[in-house]
>>> print(open('final-v1.cif').read())   # mmCIF, C-alpha atoms
data_final
loop_
_atom_site.label_atom_id
_atom_site.label_comp_id
_atom_site.auth_asym_id
_atom_site.auth_seq_id
_atom_site.Cartn_x
_atom_site.Cartn_y
_atom_site.Cartn_z
CA MET A 1 29.85 -40.77 -35.51
CA ASN A 2 30.59 -38.22 -32.76
CA SER A 3 28.16 -36.77 -30.24
CA THR A 4 27.35 -33.60 -32.23
CA LEU A 5 26.35 -35.61 -35.29
CA GLU A 6 24.43 -38.03 -33.06
CA LEU A 7 22.42 -35.05 -31.81
CA CYS A 8 21.75 -33.98 -35.38
CA LYS A 9 20.65 -37.52 -36.25
CA SER A 10 18.28 -37.62 -33.25
CA ALA A 11 16.85 -34.26 -34.26
CA LYS A 12 16.33 -35.45 -37.83
CA GLU A 13 14.51 -38.56 -36.62
CA VAL A 14 12.07 -36.51 -34.56
CA SER A 15 11.66 -33.64 -37.06
CA MET A 16 8.71 -35.24 -38.90
CA GLU A 17 6.97 -35.80 -35.57
CA ILE A 18 7.37 -32.12 -34.65
CA ALA A 19 6.24 -30.99 -38.11
CA ALA A 20 2.97 -32.89 -37.65
CA LEU A 21 2.04 -31.34 -34.28
CA SER A 22 -1.10 -29.25 -34.20
CA SER A 23 -0.99 -25.54 -33.39
CA LEU A 24 -2.89 -26.27 -30.18
CA LYS A 25 -0.34 -28.84 -29.04
CA LYS A 26 2.63 -26.63 -29.89
CA ASN A 27 1.15 -23.63 -28.09
CA GLU A 28 0.35 -25.73 -25.03
CA ALA A 29 3.93 -27.00 -24.92
CA ILE A 30 5.40 -23.50 -25.27
CA PHE A 31 3.29 -22.28 -22.34
CA VAL A 32 4.42 -25.19 -20.19
CA CYS A 33 8.06 -24.73 -21.21
CA ALA A 34 7.89 -21.01 -20.36
CA SER A 35 6.57 -21.89 -16.90
CA GLU A 36 9.33 -24.46 -16.42
CA LEU A 37 11.88 -21.79 -17.31
CA GLU A 38 10.60 -19.73 -14.40
CA ASN A 39 10.21 -22.78 -12.15
CA HIS A 40 13.90 -23.58 -12.67
CA MET A 41 15.04 -20.00 -12.16
CA GLU A 42 17.25 -20.84 -9.20
CA GLU A 43 19.16 -23.51 -11.12
CA ILE A 44 19.50 -21.23 -14.16
CA LEU A 45 20.83 -18.33 -12.08
CA LEU A 46 23.34 -20.59 -10.30
CA ALA A 47 24.58 -21.91 -13.64
CA ASN A 48 24.79 -18.39 -15.02
CA ALA A 49 26.79 -17.24 -11.99
CA LEU A 50 29.39 -19.91 -12.84
CA ASP A 51 29.60 -18.62 -16.40
CA VAL A 52 29.90 -14.99 -15.33
CA LYS A 53 32.59 -15.77 -12.75
CA ALA A 54 34.64 -17.73 -15.28
CA ALA A 55 34.35 -14.92 -17.84
CA GLU A 56 35.33 -12.04 -15.56
CA GLY A 57 38.63 -10.52 -16.61
CA ILE A 58 38.52 -12.41 -19.92
CA ILE A 59 35.72 -10.61 -21.77
CA SER A 60 34.76 -6.93 -21.57
CA PRO A 61 32.21 -5.55 -19.08
CA VAL A 62 29.84 -4.90 -21.98
CA MET A 63 30.06 -8.57 -23.00
CA ILE A 64 29.63 -9.64 -19.37
CA ASP A 65 26.33 -7.75 -19.44
CA ARG A 66 25.27 -9.79 -22.49
CA LEU A 67 26.12 -12.97 -20.60
CA LYS A 68 24.52 -12.13 -17.28
CA LEU A 69 21.02 -13.32 -16.39
CA THR A 70 18.78 -11.89 -13.68
CA GLU A 71 15.32 -12.83 -12.44
CA GLU A 72 13.94 -9.99 -14.53
CA ARG A 73 15.69 -11.23 -17.68
CA ILE A 74 14.49 -14.80 -17.16
CA HIS A 75 10.92 -13.58 -16.72
CA ALA A 76 11.38 -11.58 -19.93
CA MET A 77 12.62 -14.72 -21.72
CA ALA A 78 9.56 -16.65 -20.54
CA ASN A 79 7.23 -13.83 -21.56
CA GLY A 80 8.91 -13.71 -24.96
CA MET A 81 8.05 -17.39 -25.36
CA ARG A 82 4.42 -16.72 -24.40
CA GLU A 83 4.24 -13.94 -26.98
CA VAL A 84 5.14 -16.47 -29.67
CA VAL A 85 2.05 -18.46 -28.72
CA ASP A 86 -0.10 -15.52 -29.83
CA LEU A 87 1.52 -15.42 -33.28
CA PRO A 88 -0.09 -17.24 -36.21
CA ASP A 89 1.27 -20.71 -36.89
CA PRO A 90 3.16 -20.52 -40.21
CA VAL A 91 2.87 -24.25 -40.90
CA GLY A 92 0.23 -25.23 -43.46
CA ARG A 93 -0.54 -21.72 -44.69
CA ILE A 94 -1.74 -21.64 -48.28
CA LEU A 95 0.55 -19.05 -49.81
CA GLU A 96 -0.91 -19.18 -53.30
CA THR A 97 -3.61 -21.05 -55.24
CA ILE A 98 -3.41 -21.59 -59.01
CA ASN A 99 -6.22 -23.09 -61.06
CA ARG A 100 -5.01 -24.42 -64.41
CA PRO A 101 -6.97 -24.98 -67.68
CA SER A 102 -6.33 -28.71 -67.27
CA GLY A 103 -8.52 -28.69 -64.17
CA ILE A 104 -5.72 -29.27 -61.68
CA LYS A 105 -5.56 -27.00 -58.65
CA ILE A 106 -2.10 -26.12 -57.36
CA GLU A 107 -1.57 -24.91 -53.79
CA LYS A 108 1.70 -23.47 -52.54
CA ILE A 109 1.85 -24.48 -48.87
CA SER A 110 4.19 -23.39 -46.07
CA VAL A 111 6.05 -26.28 -44.43
CA PRO A 112 8.86 -26.62 -41.83
CA LEU A 113 12.49 -26.80 -42.91
CA GLY A 114 13.17 -29.89 -40.76
CA VAL A 115 16.25 -29.45 -38.55
CA VAL A 116 17.58 -25.98 -37.80
CA ALA A 117 21.03 -25.67 -36.22
CA VAL A 118 22.03 -22.42 -34.52
CA ILE A 119 25.57 -21.47 -33.55
CA TYR A 120 25.66 -18.49 -31.21
CA GLU A 121 27.95 -16.85 -28.70
CA SER A 122 27.62 -15.49 -25.17
CA ARG A 123 23.90 -14.62 -25.00
CA PRO A 124 22.03 -17.34 -23.10
CA ASN A 125 18.63 -15.78 -23.87
CA VAL A 126 19.15 -16.84 -27.49
CA THR A 127 18.73 -20.42 -26.25
CA SER A 128 15.07 -20.03 -25.34
CA ASP A 129 14.33 -17.69 -28.26
CA ALA A 130 15.76 -20.07 -30.85
CA ALA A 131 14.22 -23.18 -29.31
CA THR A 132 10.77 -21.57 -29.18
CA LEU A 133 10.81 -20.23 -32.71
CA CYS A 134 12.07 -23.49 -34.16
CA PHE A 135 9.45 -25.50 -32.26
CA LYS A 136 6.51 -23.24 -33.12
CA SER A 137 7.53 -23.29 -36.80
CA GLY A 138 7.50 -27.11 -36.74
CA ASN A 139 11.26 -27.68 -36.70
CA ALA A 140 13.58 -29.65 -34.46
CA CYS A 141 16.64 -27.67 -33.41
CA VAL A 142 20.27 -28.25 -32.53
CA LEU A 143 21.73 -25.41 -30.50
CA ARG A 144 25.43 -24.75 -30.08
CA GLY A 145 26.12 -21.88 -27.68
CA GLY A 146 29.49 -20.36 -26.82
CA LYS A 147 31.69 -21.86 -24.14
CA GLU A 148 31.23 -18.70 -22.03
CA SER A 149 27.51 -19.40 -21.69
CA TYR A 150 27.40 -23.21 -21.75
CA ASN A 151 26.28 -23.75 -18.14
CA SER A 152 23.50 -21.19 -18.56
CA SER A 153 22.33 -22.65 -21.87
CA LYS A 154 22.33 -26.19 -20.48
CA ALA A 155 20.21 -25.16 -17.49
CA ILE A 156 17.76 -23.43 -19.85
CA VAL A 157 17.52 -26.41 -22.20
CA ASP A 158 17.11 -28.79 -19.25
CA ALA A 159 14.12 -26.73 -18.08
CA LEU A 160 12.60 -26.67 -21.58
CA LYS A 161 12.98 -30.44 -21.89
CA VAL A 162 11.04 -30.87 -18.65
CA GLY A 163 8.21 -28.92 -20.27
CA LEU A 164 8.30 -31.05 -23.42
CA ARG A 165 8.18 -34.28 -21.41
CA LYS A 166 5.21 -33.00 -19.40
CA CYS A 167 3.36 -32.47 -22.67
CA GLY A 168 4.26 -35.90 -24.03
CA ILE A 169 6.54 -34.49 -26.73
CA ASN A 170 9.87 -36.04 -27.67
CA GLU A 171 12.55 -34.02 -25.88
CA ASN A 172 14.89 -34.39 -28.86
CA ALA A 173 12.89 -31.58 -30.45
CA ILE A 174 15.36 -29.31 -28.59
CA ASN A 175 19.03 -30.27 -28.44
CA LEU A 176 22.12 -28.58 -27.01
CA VAL A 177 25.62 -29.45 -28.19
CA SER A 178 27.86 -30.16 -25.20
CA ASP A 179 31.13 -29.83 -27.15
CA THR A 180 32.03 -26.13 -27.25
CA THR A 181 35.26 -26.59 -29.21
CA ARG A 182 35.58 -25.56 -32.85
CA GLN A 183 35.12 -29.18 -33.85
CA SER A 184 31.42 -29.16 -32.96
CA ALA A 185 30.87 -26.05 -35.08
CA THR A 186 32.65 -27.76 -37.96
CA ASP A 187 30.49 -30.86 -37.47
CA LEU A 188 27.32 -28.78 -37.76
CA MET A 189 28.63 -27.07 -40.89
CA LYS A 190 29.18 -30.47 -42.50
CA ALA A 191 26.09 -32.30 -41.23
CA VAL A 192 24.70 -32.87 -44.72
CA GLY A 193 21.51 -34.94 -44.58
CA PHE A 194 20.86 -34.04 -40.96
CA VAL A 195 20.83 -30.21 -40.81
CA ASP A 196 18.49 -28.40 -43.20
CA LEU A 197 19.53 -24.85 -42.24
CA LEU A 198 22.48 -23.52 -40.24
CA ILE A 199 22.18 -20.10 -38.63
CA PRO A 200 25.35 -18.53 -37.20
CA ARG A 201 24.47 -15.73 -34.78
CA GLY A 202 27.47 -13.79 -33.53
CA GLY A 203 30.53 -11.84 -34.58
CA ALA A 204 32.04 -11.41 -38.01
CA GLY A 205 34.56 -14.20 -37.48
CA LEU A 206 31.92 -16.81 -36.67
CA ILE A 207 29.70 -15.79 -39.57
CA LYS A 208 32.56 -15.75 -42.08
CA ASN A 209 33.72 -19.17 -40.91
CA CYS A 210 30.25 -20.63 -41.45
CA VAL A 211 29.66 -18.94 -44.79
CA ASP A 212 33.09 -20.03 -46.08
CA ASN A 213 33.02 -23.62 -44.80
CA ALA A 214 29.43 -24.81 -44.41
CA LYS A 215 28.34 -27.71 -46.61
CA VAL A 216 24.74 -27.27 -45.43
CA PRO A 217 22.54 -24.25 -46.31
CA CYS A 218 23.65 -21.28 -44.19
CA LEU A 219 21.81 -18.07 -43.29
CA GLN A 220 24.11 -15.11 -42.75
CA THR A 221 23.09 -13.10 -39.68
CA GLY A 222 24.33 -10.74 -37.07
CA THR A 223 27.20 -8.43 -37.99
CA GLY A 224 25.94 -4.88 -37.78
CA ILE A 225 27.99 -1.85 -38.78
CA CYS A 226 24.96 0.40 -38.42
CA HIS A 227 25.07 4.06 -39.49
CA VAL A 228 23.18 7.19 -38.53
CA TYR A 229 23.44 10.07 -41.02
CA VAL A 230 22.48 13.52 -39.71
CA ASP A 231 21.22 15.54 -42.66
CA GLU A 232 21.53 19.31 -42.93
CA SER A 233 17.78 19.69 -42.25
CA ALA A 234 17.78 17.44 -39.17
CA ASP A 235 16.20 18.45 -35.89
CA PHE A 236 19.25 18.50 -33.59
CA GLU A 237 17.48 17.28 -30.45
CA MET A 238 15.89 14.42 -32.36
CA ALA A 239 19.24 13.48 -33.86
CA LEU A 240 20.99 13.53 -30.48
CA ASN A 241 18.28 11.39 -28.89
CA ILE A 242 18.42 8.86 -31.74
CA ILE A 243 22.22 8.64 -31.69
CA GLU A 244 22.39 8.32 -27.91
CA ASN A 245 19.83 5.53 -27.95
CA ALA A 246 21.33 3.73 -30.94
CA LYS A 247 24.85 3.83 -29.47
CA THR A 248 24.44 3.57 -25.70
CA SER A 249 21.18 1.79 -24.80
CA ARG A 250 22.90 -1.58 -25.39
CA PRO A 251 26.17 -1.21 -27.28
CA SER A 252 26.90 -4.96 -27.39
CA VAL A 253 24.06 -5.84 -29.78
CA CYS A 254 24.08 -6.01 -33.56
CA ASN A 255 21.55 -3.18 -34.07
CA ALA A 256 23.65 -0.66 -32.11
CA GLU A 257 25.06 2.29 -34.05
CA GLU A 258 28.77 2.10 -34.90
CA VAL A 259 29.17 5.05 -37.31
CA CYS A 260 27.81 8.59 -37.29
CA LEU A 261 27.92 10.72 -40.44
CA VAL A 262 27.18 14.45 -40.23
CA ASN A 263 26.43 16.86 -43.06
CA GLU A 264 29.22 19.43 -43.41
CA LYS A 265 26.78 22.34 -43.37
CA ILE A 266 25.82 21.62 -39.73
CA ALA A 267 28.94 19.85 -38.44
CA GLY A 268 30.36 22.96 -36.76
CA GLU A 269 27.24 23.38 -34.66
CA PHE A 270 26.16 19.75 -34.25
CA LEU A 271 29.38 17.93 -33.36
CA PRO A 272 30.06 19.94 -30.15
CA LEU A 273 26.51 19.05 -29.05
CA LEU A 274 27.18 15.39 -29.88
CA LYS A 275 30.39 15.42 -27.83
CA LYS A 276 28.57 17.02 -24.90
CA ARG A 277 25.77 14.42 -25.05
CA LEU A 278 27.90 11.30 -25.55
CA VAL A 279 31.14 12.21 -23.81
CA ASP A 280 30.97 15.13 -21.38
CA ASP A 281 27.58 14.45 -19.77
CA ARG A 282 27.79 10.65 -19.45
CA GLU A 283 28.93 8.38 -16.63
CA ASN A 284 30.03 5.90 -19.32
CA PRO A 285 31.47 8.24 -21.95
CA VAL A 286 31.60 7.16 -25.57
CA GLU A 287 35.00 7.22 -27.24
CA LEU A 288 34.65 9.20 -30.46
CA ARG A 289 36.91 7.94 -33.26
CA LEU A 290 37.08 11.03 -35.47
CA SER A 291 38.00 11.43 -39.13
CA GLN A 292 40.46 14.18 -40.06
CA LYS A 293 37.54 16.46 -40.97
CA ALA A 294 35.76 15.80 -37.68
CA LEU A 295 38.97 16.44 -35.71
CA THR A 296 38.98 20.00 -37.01
CA VAL A 297 35.67 20.59 -35.19
CA ILE A 298 35.96 18.67 -31.89
CA PRO A 299 38.72 16.82 -30.02
CA GLY A 300 38.75 13.03 -29.87
CA THR A 301 40.64 9.92 -30.90
CA PRO A 302 41.92 10.01 -34.49
CA ALA A 303 40.11 7.33 -36.46
CA LYS A 304 42.22 4.51 -37.88
CA GLU A 305 41.69 3.21 -41.38
CA ASN A 306 39.55 0.26 -40.28
CA ASP A 307 37.43 2.08 -37.69
CA PHE A 308 34.68 2.66 -40.24
CA ASP A 309 34.61 -1.09 -40.96
CA THR A 310 34.51 -2.26 -37.33
CA GLU A 311 31.63 -3.55 -35.26
CA PHE A 312 32.85 -2.21 -31.92
CA LEU A 313 30.09 -3.65 -29.69
CA ASP A 314 31.29 -1.15 -27.09
CA TYR A 315 31.10 2.52 -26.12
CA ILE A 316 32.97 3.57 -29.28
CA LEU A 317 31.58 5.56 -32.21
CA ALA A 318 33.32 6.37 -35.50
CA VAL A 319 32.43 9.86 -36.77
CA ASP A 320 32.90 11.46 -40.20
CA ILE A 321 31.69 14.55 -42.04
CA VAL A 322 30.14 14.26 -45.52
CA PRO A 323 29.07 16.98 -47.98
CA ASN A 324 25.53 15.74 -48.73
CA VAL A 325 23.09 12.83 -48.64
CA GLU A 326 24.56 11.34 -51.82
CA ALA A 327 27.98 11.18 -50.16
CA ALA A 328 26.41 9.59 -47.07
CA ILE A 329 24.78 6.94 -49.26
CA TYR A 330 28.12 6.26 -50.97
CA HIS A 331 29.94 6.00 -47.62
CA ILE A 332 27.34 3.62 -46.20
CA GLY A 333 27.36 1.51 -49.35
CA LYS A 334 31.11 1.13 -49.00
CA HIS A 335 31.21 0.32 -45.27
CA SER A 336 27.80 -1.01 -44.20
CA THR A 337 27.15 -4.70 -43.54
CA GLY A 338 23.59 -4.34 -44.84
CA HIS A 339 22.00 -4.53 -41.39
CA SER A 340 20.38 -1.23 -40.30
CA ASP A 341 21.08 2.32 -41.40
CA CYS A 342 19.32 5.58 -40.52
CA ILE A 343 18.86 9.12 -41.77
CA VAL A 344 17.74 11.96 -39.51
CA THR A 345 16.17 14.63 -41.69
CA SER A 346 13.26 17.00 -42.19
CA SER A 347 13.63 16.81 -45.96
CA GLU A 348 11.31 14.49 -47.85
CA GLU A 349 13.67 14.63 -50.82
CA SER A 350 16.64 13.52 -48.71
CA SER A 351 14.65 10.73 -47.07
CA LYS A 352 13.51 9.41 -50.47
CA LYS A 353 17.08 9.43 -51.80
CA PHE A 354 18.27 7.62 -48.67
CA ILE A 355 15.52 4.99 -48.80
CA MET A 356 16.18 4.24 -52.45
CA GLY A 357 19.97 4.41 -52.16
CA ILE A 358 20.60 2.30 -49.05
CA ASP A 359 20.67 -1.45 -49.69
CA SER A 360 20.24 -2.73 -46.14
CA ALA A 361 17.76 -5.07 -44.46
CA ALA A 362 16.34 -2.17 -42.42
CA VAL A 363 16.39 1.48 -43.52
CA TYR A 364 15.30 4.06 -40.95
CA VAL A 365 14.00 7.60 -41.28
CA ASN A 366 14.05 9.50 -37.99
CA ALA A 367 14.14 6.46 -35.66
CA SER A 368 16.81 4.52 -33.78
CA THR A 369 18.39 1.46 -35.37
CA ARG A 370 17.73 -0.34 -32.09
CA PHE A 371 14.25 -1.20 -33.37
CA THR A 372 15.65 -3.88 -35.70
CA ASP A 373 14.38 -6.73 -33.58
CA GLY A 374 11.76 -9.42 -34.05
CA GLY A 375 9.74 -8.30 -31.04
CA GLU A 376 9.78 -4.65 -32.07
CA PHE A 377 8.71 -5.63 -35.60
CA GLY A 378 5.78 -7.62 -34.20
CA LEU A 379 7.33 -10.96 -35.17
CA GLY A 380 7.91 -12.22 -31.62
CA CYS A 381 11.43 -13.08 -30.51
CA GLU A 382 13.73 -13.60 -33.48
CA ILE A 383 16.47 -16.09 -34.14
CA GLY A 384 18.75 -13.47 -35.69
CA ILE A 385 18.89 -10.61 -38.18
CA SER A 386 19.64 -11.78 -41.71
CA THR A 387 21.97 -9.48 -43.62
CA GLN A 388 21.69 -11.48 -46.84
CA LYS A 389 18.91 -11.42 -49.44
CA LEU A 390 18.02 -15.12 -49.79
CA HIS A 391 16.01 -16.78 -48.40
CA ALA A 392 15.29 -14.34 -45.57
CA ARG A 393 16.21 -10.72 -44.87
CA GLY A 394 15.97 -8.76 -41.62
CA PRO A 395 14.53 -10.31 -38.43
CA VAL A 396 14.24 -14.09 -38.85
CA GLY A 397 10.96 -15.11 -37.27
CA LEU A 398 8.49 -17.94 -37.62
CA CYS A 399 7.70 -17.52 -41.32
CA GLU A 400 11.39 -17.40 -42.24
CA LEU A 401 11.87 -20.81 -40.58
CA ASN A 402 9.48 -22.38 -43.07
CA THR A 403 9.90 -23.24 -46.72
CA TYR A 404 7.08 -24.32 -49.06
CA LYS A 405 5.94 -27.13 -51.26
CA TYR A 406 3.40 -27.44 -54.04
CA VAL A 407 0.34 -29.64 -53.56
CA ILE A 408 -1.55 -30.50 -56.75
CA HIS A 409 -5.21 -31.63 -56.65
CA GLY A 410 -6.69 -33.39 -59.67
CA ASN A 411 -9.42 -35.85 -60.67
CA GLY A 412 -7.54 -38.11 -63.04
CA GLN A 413 -5.75 -35.63 -65.30
CA VAL A 414 -2.79 -36.90 -67.30
CA ARG A 415 -0.33 -34.96 -69.44
#
>>> encode(input="final-v1.cif", output="structure tokens")
Amino acid sequence: MNSTLELCKSAKEVSMEIAALSSLKKNEAIFVCASELENHMEEILLANALDVKAAEGIISPVMIDRLKLTEERIHAMANGMREVVDLPDPVGRILETINRPSGIKIEKISVPLGVVAVIYESRPNVTSDAATLCFKSGNACVLRGGKESYNSSKAIVDALKVGLRKCGINENAINLVSDTTRQSATDLMKAVGFVDLLIPRGGAGLIKNCVDNAKVPCLQTGTGICHVYVDESADFEMALNIIENAKTSRPSVCNAEEVCLVNEKIAGEFLPLLKKRLVDDRENPVELRLSQKALTVIPGTPAKENDFDTEFLDYILAVDIVPNVEAAIYHIGKHSTGHSDCIVTSSEESSKKFIMGIDSAAVYVNASTRFTDGGEFGLGCEIGISTQKLHARGPVGLCELNTYKYVIHGNGQVR
């Protein structure tokens, strides 16, 4: 048995112990672990500097920004952990009570999954987010970060393990895979009997690989081809502000906008304003990949066939013109990954059509897609954004890391 499966085995052995911890004990440990994250800031920053240096010239500047940690970001990670403490413990909640004519009482109770494995790429902050959510929800975790961020992730996990030991909790509650080759990912996908849920958090290639090859239950997260449709009744300034935020505030994340659709009745007036806002007036201009219709209004890069099916994760935006809200809904249905899609409109009729017609985890009316985030939804830090429909959809927080069981109370009934 190789080291990755040994980690999974260790996590499985400790999972019942973690499931039985009280809310008080878990919250105490999270507070201590958050403090240890800050106490080990120097070591974490040194490790991160190694990762950043090794990645320079290999990955894009936008992806370097995802990888890079600062004192401010580490404090934010620790504060995100502390925010989880304030959230209700999902373990042991009575979801439903049924009293039967036989006299038995049936309770549907929320319980941990057991061992949650997370495969993610070059975002070291995911390490503390995932570990905290798994722990608070009563699960042991096995984390497998990308090779670009391994030194950072190891330093973070080492700090968290110090916190667990200080609280008298088995440090195997949080595990980091040291093998960053494809073999370790394959091992996690096939760890039947040890891994209860696998969560791939990253690009389309990683997610497809897990969905196609996993032998353990797999939650599809991450890929976001997010749309903003500007309706004919839209307030132009509102639309420009939303698009600028959705595209440029952090283009490397899954809730960033990748496609803009504009109603043909306003395209002649709106698209020049969009170009001015995103291209002409910006230090980091956005490359507009324009459909043939859009090219007749403003200059830009002609869109290729697959540009409307690409998660750019960069300062690139595909733009098309559509005749009406129904056409926008059709376009989004054809190209969206079911993550987050938005309409900017003043029409209640258009917003209702959009809400009913768009089959995505998050549907926005007059707000940036960048709000699709566990913290922004009041769920605390999230472990990913699920783009599937079972068993979780949207931000995956504490409750989504639990399942349930039925507990039946009787006084001697037989059937």
>>> residues_around(input="final-v1.cif", residues="stretch 127-137 of chain A", least_positions_apart="5", cutoff="6 Å", atoms="all atoms listed in the file", output="count of residues only")
3
>>> resolve_selection(input="final-v1.cif", expression="the PyMOL selection byres ((chain A and resi 35) around 10)", output="NGL selection string")
:A and (29-34 or 36-41 or 75 or 78-79 or 81-82 or 159-160 or 163)
>>> resolve_selection(input="final-v1.cif", expression="the PyMOL selection byres ((chain A and resi 92-108) around 8)", output="PyMOL selection string")
chain A and resi 90-91+109-111+404-411+413
>>> resolve_selection(input="final-v1.cif", expression="the PyMOL selection byres ((chain A and resi 5) around 10)", output="PyMOL selection string")
chain A and resi 1-4+6-11+142+177+184+187-188+190-192+194-195
>>> atom_distance(input="final-v1.cif", atom1="atom CA of A:Ile343", atom2="atom CA of A:Gln388")
21.4 Å
>>> closest_residue(input="final-v1.cif", among="A:Asn125, A:Asn170, A:Thr296, A:Asn245", to="A:Gly268", atoms="all atoms listed in the file")
A:Thr296
